[in-house]
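The structure appears right after this line, and notes come after that.
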Amino acid sequence: MAEAGRAASPRAETTRQAQKERTRDAILAAALELSRDQGFAQISLRQVARQAGVVPTAFYRHFESMDELGLALVEQSFGTLRAMIRDAQRDPETFSDIIDASAEILVRVVKQNKAHFGFVARERASGSDAVRQAIQRELELFISELAVVLARLPHLETWSAEDVKLASGLFVRNMVYRAEQVVQTPDGRSDLEEEIKRKARREMRLIVLGFRDWRS
């Protein structure tokens with residue numbers, strides 16, 4: 001007879017952990033789906049649990065509150081955003097490299113992750129205080145991370161850290177605005193997607209025009 005207090009096998013432990021992660025992912029996906037039509041602040045814990053196919057008590061095994069769930073969605077959404085910009089900035093040598101790559105990758109990645117980008121677009125303006133503040137912190141962090149990349153490029157090498165961050169903010173705000181337009185673009189409208197790319201490139205090049213003459 002097996003010992004009553006025998007520890008679970010590594011395989012059983014792995015299986016439980018995998019199930020736990022699947023449940024957490026289901027809760028995140030349910031909240032993301034529900035927030036698309038109602039806004040995150042308007043959905044309830046019970047709605048999320050029902051959509052995810054779990055009981056409310058299972059929710060609390062993963063999140064202490066709806067605010068904590070909202071913060072997890074912010075973190076998840078910005079993970080997608082960072083992956084996008086890393087692709088665009090892979091070993092950049094010139095501003096043109098960054099601009100052309102960013103415009104292409106922006107449209108492609110936003111199309112593939114409309115739920116995440118739509119969540120950020122909606123909640124940064126009308127979400128709960130906790131979620132809005134988290135989005136603002138993530139955007140500021142994102143601007144700082146991009147500034148590290150820009151500081152290596154010509155003309156910005158002699159700029160102050162404050163001015164490089166200012167330039168980074170211009171790029172990020174342009175990207176966020178155009179990402180919101182991609183989210184709102186109907187599927188199959190490649191003509192509208194190309195127009196978004198064209199405008200994004202022109203706007204970024206316009207920003208860059210002032211770099212050569214700027215002095216910190």
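Going through the structure tokens in order, the chains are called A, B, and so on, while each chain numbers its residues from 1 and the ligands are numbered from 1 in the order shown.
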- [ ] Tell me which protein, DNA and RNA residues are within 9 Å of A:Arg24, counting only C-alpha atoms, leaving out same-chain ones fewer than 5 positions away, and put them as a ChimeraX atom specification.
- [x] /A:19,29,59,61-63
Please save N, CA, C and O atoms of the selected residues as a PDB file, in the first residue's frame.
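Generated output (out03.pdb):
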ATOM      1  N   GLN A  19      -1.499  22.750 -15.807  1.00  0.00           N
ATOM      2  CA  GLN A  19      -2.926  23.047 -15.704  1.00  0.00           C
ATOM      3  C   GLN A  19      -3.147  24.423 -15.086  1.00  0.00           C
ATOM      4  O   GLN A  19      -4.016  25.179 -15.520  1.00  0.00           O
ATOM      5  N   ALA A  29      -7.217  35.567 -21.196  1.00  0.00           N
ATOM      6  CA  ALA A  29      -7.853  35.627 -22.515  1.00  0.00           C
ATOM      7  C   ALA A  29      -9.318  36.028 -22.399  1.00  0.00           C
ATOM      8  O   ALA A  29      -9.830  36.800 -23.227  1.00  0.00           O
ATOM      9  N   PHE A  59     -10.570  31.760  -9.705  1.00  0.00           N
ATOM     10  CA  PHE A  59      -9.988  33.047 -10.075  1.00  0.00           C
ATOM     11  C   PHE A  59      -9.001  33.498  -9.016  1.00  0.00           C
ATOM     12  O   PHE A  59      -7.902  33.961  -9.319  1.00  0.00           O
ATOM     13  N   ARG A  61      -7.202  31.922  -7.040  1.00  0.00           N
ATOM     14  CA  ARG A  61      -5.945  31.176  -6.956  1.00  0.00           C
ATOM     15  C   ARG A  61      -4.875  31.816  -7.840  1.00  0.00           C
ATOM     16  O   ARG A  61      -3.692  31.500  -7.707  1.00  0.00           O
ATOM     17  N   HIS A  62      -5.296  32.694  -8.736  1.00  0.00           N
ATOM     18  CA  HIS A  62      -4.370  33.304  -9.686  1.00  0.00           C
ATOM     19  C   HIS A  62      -4.261  34.820  -9.520  1.00  0.00           C
ATOM     20  O   HIS A  62      -3.193  35.392  -9.755  1.00  0.00           O
ATOM     21  N   PHE A  63      -5.358  35.463  -9.120  1.00  0.00           N
ATOM     22  CA  PHE A  63      -5.372  36.919  -8.986  1.00  0.00           C
ATOM     23  C   PHE A  63      -6.139  37.303  -7.730  1.00  0.00           C
ATOM     24  O   PHE A  63      -7.200  36.757  -7.467  1.00  0.00           O
TER      25      PHE A  63
END
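For the residues A:Arg137, A:Lys114, A:Lys165, A:Arg46, ranking by smallest atom-to-atom distance to A:Ala30 using only C-alpha atoms places A:Arg46 first.
Here atom CA of A:Phe211 and atom CA of A:Gln181 stand 26.6 Å from one another.
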Open item on the list: With only C-alpha atoms as the counted atoms, please give the residues lying no more than 9 Å from A:Val48, apart from itself and same-chain residues fewer than 5 positions off, as a PyMOL selection string.
Closed with: chain A and resi 27-28+30-31+34+43+53-54+56+59
Residues just named, written with N, CA and C atoms as a short mmCIF file (atom, residue, chain, number, x, y, z; two decimals), in the first residue's frame:
data_model
loop_
_atom_site.label_atom_id
_atom_site.label_comp_id
_atom_site.auth_asym_id
_atom_site.auth_seq_id
_atom_site.Cartn_x
_atom_site.Cartn_y
_atom_site.Cartn_z
N ILE A 27 -8.06 32.78 -18.05
CA ILE A 27 -8.62 33.96 -17.37
C ILE A 27 -8.18 35.24 -18.06
N LEU A 28 -6.89 35.33 -18.40
CA LEU A 28 -6.38 36.51 -19.11
C LEU A 28 -7.08 36.67 -20.46
N ALA A 30 -10.00 35.52 -21.38
CA ALA A 30 -11.40 35.87 -21.18
C ALA A 30 -11.56 37.36 -20.89
N ALA A 31 -10.71 37.88 -20.02
CA ALA A 31 -10.78 39.31 -19.68
C ALA A 31 -10.49 40.17 -20.89
N LEU A 34 -13.63 40.03 -23.17
CA LEU A 34 -14.76 40.79 -22.62
C LEU A 34 -14.51 42.29 -22.64
N ILE A 43 -16.30 45.19 -16.64
CA ILE A 43 -16.55 43.76 -16.52
C ILE A 43 -16.33 43.31 -15.07
N GLY A 53 -14.52 29.63 -18.08
CA GLY A 53 -14.92 28.28 -17.77
C GLY A 53 -14.43 27.80 -16.42
N VAL A 54 -14.28 28.73 -15.48
CA VAL A 54 -13.84 28.36 -14.13
C VAL A 54 -14.81 28.95 -13.11
N PRO A 56 -15.61 31.13 -9.62
CA PRO A 56 -14.96 32.33 -9.07
C PRO A 56 -13.84 32.03 -8.08
N PHE A 59 -10.57 31.76 -9.70
CA PHE A 59 -9.99 33.05 -10.08
C PHE A 59 -9.00 33.50 -9.02
#
TODO: Check the smallest atom-to-atom distance from each of A:Asp25, A:Thr14, A:Lys111, A:Asp37 to A:Asp187 using only C-alpha atoms, then report the winner.
DONE: A:Lys111
Open item on the list: Nearest residue to A:Thr185 out of A:Val107, A:Leu32, A:Leu73, A:Ala83, using only C-alpha atoms?
Closed with: A:Val107
- [ ] Tell me which protein, DNA and RNA residues are within 12 Å of A:Leu106, counting only C-alpha atoms, leaving out same-chain ones fewer than 6 positions away, and put them as a PyMOL selection string.
- [x] chain A and resi 80-89+98-100+112-114+117+172+174-183+193-194+196-198+200-201
- [ ] Mind listing the alpha helix (DSSP H) residues of stretch 95-191 of chain A, per DSSP on the backbone, as a PyMOL selection string?
- [x] chain A and resi 95-112+114-126+129-150+161-184+190-191
TODO: Take atom CA of A:Val120 and atom CA of A:Leu69 and report the distance between them in Å, one decimal.
DONE: 14.0 Å
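In terms of minimum interatomic distance to A:Phe119, A:Phe40 ranks closest within A:Trp159, A:Trp214, A:Phe40, A:Phe142, counting only C-alpha atoms.
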Task: Counting only C-alpha atoms, the option among A:Ala115, A:Arg205, A:Thr57, A:Gln76 closest to A:Glu138 - done: A:Gln76
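Nearest to A:Val74 of all the residues A:Ser160, A:Ser168, A:Ser128, A:Ser190 is A:Ser128, counting only C-alpha atoms.
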Close residues, A:Ala130 itself excluded, 10 Å, only C-alpha atoms, min 2 positions apart in chain, as a PDB file with all heavy atoms, in the first residue's frame:
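Saved to out_34.pdb:
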ATOM      1  N   ASP A  67      -8.217  44.364 -10.280  1.00  0.00           N
ATOM      2  CA  ASP A  67      -7.108  45.286 -10.548  1.00  0.00           C
ATOM      3  C   ASP A  67      -5.823  44.514 -10.841  1.00  0.00           C
ATOM      4  O   ASP A  67      -5.070  44.868 -11.756  1.00  0.00           O
ATOM      5  CB  ASP A  67      -6.887  46.220  -9.358  1.00  0.00           C
ATOM      6  CG  ASP A  67      -7.759  47.461  -9.422  1.00  0.00           C
ATOM      7  OD1 ASP A  67      -8.343  47.724 -10.501  1.00  0.00           O
ATOM      8  OD2 ASP A  67      -7.864  48.170  -8.409  1.00  0.00           O
ATOM      9  N   GLU A  68      -5.571  43.461 -10.072  1.00  0.00           N
ATOM     10  CA  GLU A  68      -4.367  42.667 -10.314  1.00  0.00           C
ATOM     11  C   GLU A  68      -4.436  41.981 -11.672  1.00  0.00           C
ATOM     12  O   GLU A  68      -3.430  41.875 -12.380  1.00  0.00           O
ATOM     13  CB  GLU A  68      -4.189  41.625  -9.217  1.00  0.00           C
ATOM     14  CG  GLU A  68      -2.873  40.860  -9.328  1.00  0.00           C
ATOM     15  CD  GLU A  68      -2.626  39.928  -8.176  1.00  0.00           C
ATOM     16  OE1 GLU A  68      -2.690  40.389  -7.023  1.00  0.00           O
ATOM     17  OE2 GLU A  68      -2.376  38.731  -8.426  1.00  0.00           O
ATOM     18  N   GLY A  70      -6.021  43.210 -14.247  1.00  0.00           N
ATOM     19  CA  GLY A  70      -5.777  44.289 -15.210  1.00  0.00           C
ATOM     20  C   GLY A  70      -4.301  44.586 -15.369  1.00  0.00           C
ATOM     21  O   GLY A  70      -3.816  44.792 -16.476  1.00  0.00           O
ATOM     22  N   LEU A  71      -3.562  44.581 -14.261  1.00  0.00           N
ATOM     23  CA  LEU A  71      -2.123  44.839 -14.320  1.00  0.00           C
ATOM     24  C   LEU A  71      -1.406  43.727 -15.067  1.00  0.00           C
ATOM     25  O   LEU A  71      -0.436  43.984 -15.797  1.00  0.00           O
ATOM     26  CB  LEU A  71      -1.559  44.979 -12.901  1.00  0.00           C
ATOM     27  CG  LEU A  71      -2.120  46.133 -12.066  1.00  0.00           C
ATOM     28  CD1 LEU A  71      -1.429  46.187 -10.709  1.00  0.00           C
ATOM     29  CD2 LEU A  71      -1.966  47.462 -12.789  1.00  0.00           C
ATOM     30  N   GLY A 127      -9.577  53.547 -18.714  1.00  0.00           N
ATOM     31  CA  GLY A 127      -9.537  52.425 -17.789  1.00  0.00           C
ATOM     32  C   GLY A 127      -9.576  52.872 -16.336  1.00  0.00           C
ATOM     33  O   GLY A 127      -9.667  54.062 -16.024  1.00  0.00           O
ATOM     34  N   SER A 128      -9.501  51.907 -15.440  1.00  0.00           N
ATOM     35  CA  SER A 128      -9.452  52.212 -14.017  1.00  0.00           C
ATOM     36  C   SER A 128      -8.158  52.945 -13.694  1.00  0.00           C
ATOM     37  O   SER A 128      -7.197  52.900 -14.476  1.00  0.00           O
ATOM     38  CB  SER A 128      -9.527  50.916 -13.200  1.00  0.00           C
ATOM     39  OG  SER A 128      -8.350  50.143 -13.399  1.00  0.00           O
ATOM     40  N   ARG A 132      -4.709  52.509 -15.810  1.00  0.00           N
ATOM     41  CA  ARG A 132      -4.197  53.672 -16.542  1.00  0.00           C
ATOM     42  C   ARG A 132      -2.797  54.049 -16.075  1.00  0.00           C
ATOM     43  O   ARG A 132      -1.913  54.354 -16.885  1.00  0.00           O
ATOM     44  CB  ARG A 132      -5.144  54.863 -16.387  1.00  0.00           C
ATOM     45  CG  ARG A 132      -6.377  54.796 -17.280  1.00  0.00           C
ATOM     46  CD  ARG A 132      -7.163  56.094 -17.302  1.00  0.00           C
ATOM     47  NE  ARG A 132      -7.839  56.332 -16.032  1.00  0.00           N
ATOM     48  CZ  ARG A 132      -7.463  57.217 -15.130  1.00  0.00           C
ATOM     49  NH1 ARG A 132      -6.399  57.980 -15.345  1.00  0.00           N
ATOM     50  NH2 ARG A 132      -8.149  57.367 -14.004  1.00  0.00           N
ATOM     51  N   GLN A 133      -2.583  54.032 -14.766  1.00  0.00           N
ATOM     52  CA  GLN A 133      -1.265  54.370 -14.238  1.00  0.00           C
ATOM     53  C   GLN A 133      -0.221  53.338 -14.639  1.00  0.00           C
ATOM     54  O   GLN A 133       0.932  53.684 -14.937  1.00  0.00           O
ATOM     55  CB  GLN A 133      -1.351  54.482 -12.717  1.00  0.00           C
ATOM     56  CG  GLN A 133      -2.121  55.711 -12.240  1.00  0.00           C
ATOM     57  CD  GLN A 133      -2.397  55.687 -10.751  1.00  0.00           C
ATOM     58  OE1 GLN A 133      -1.826  54.885 -10.008  1.00  0.00           O
ATOM     59  NE2 GLN A 133      -3.286  56.562 -10.293  1.00  0.00           N
ATOM     60  N   ALA A 134      -0.620  52.075 -14.684  1.00  0.00           N
ATOM     61  CA  ALA A 134       0.313  51.023 -15.103  1.00  0.00           C
ATOM     62  C   ALA A 134       0.703  51.192 -16.564  1.00  0.00           C
ATOM     63  O   ALA A 134       1.869  51.014 -16.940  1.00  0.00           O
ATOM     64  CB  ALA A 134      -0.315  49.648 -14.877  1.00  0.00           C
ATOM     65  N   ILE A 135      -0.265  51.537 -17.403  1.00  0.00           N
ATOM     66  CA  ILE A 135       0.028  51.762 -18.824  1.00  0.00           C
ATOM     67  C   ILE A 135       0.975  52.943 -18.984  1.00  0.00           C
ATOM     68  O   ILE A 135       1.925  52.896 -19.776  1.00  0.00           O
ATOM     69  CB  ILE A 135      -1.276  51.984 -19.615  1.00  0.00           C
ATOM     70  CG1 ILE A 135      -2.064  50.664 -19.704  1.00  0.00           C
ATOM     71  CG2 ILE A 135      -0.977  52.512 -21.023  1.00  0.00           C
ATOM     72  CD1 ILE A 135      -3.438  50.813 -20.330  1.00  0.00           C
TER      73      ILE A 135
END
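What separates atom CA of A:Ala52 from atom CA of A:Ala26 is a distance of 5.3 Å.
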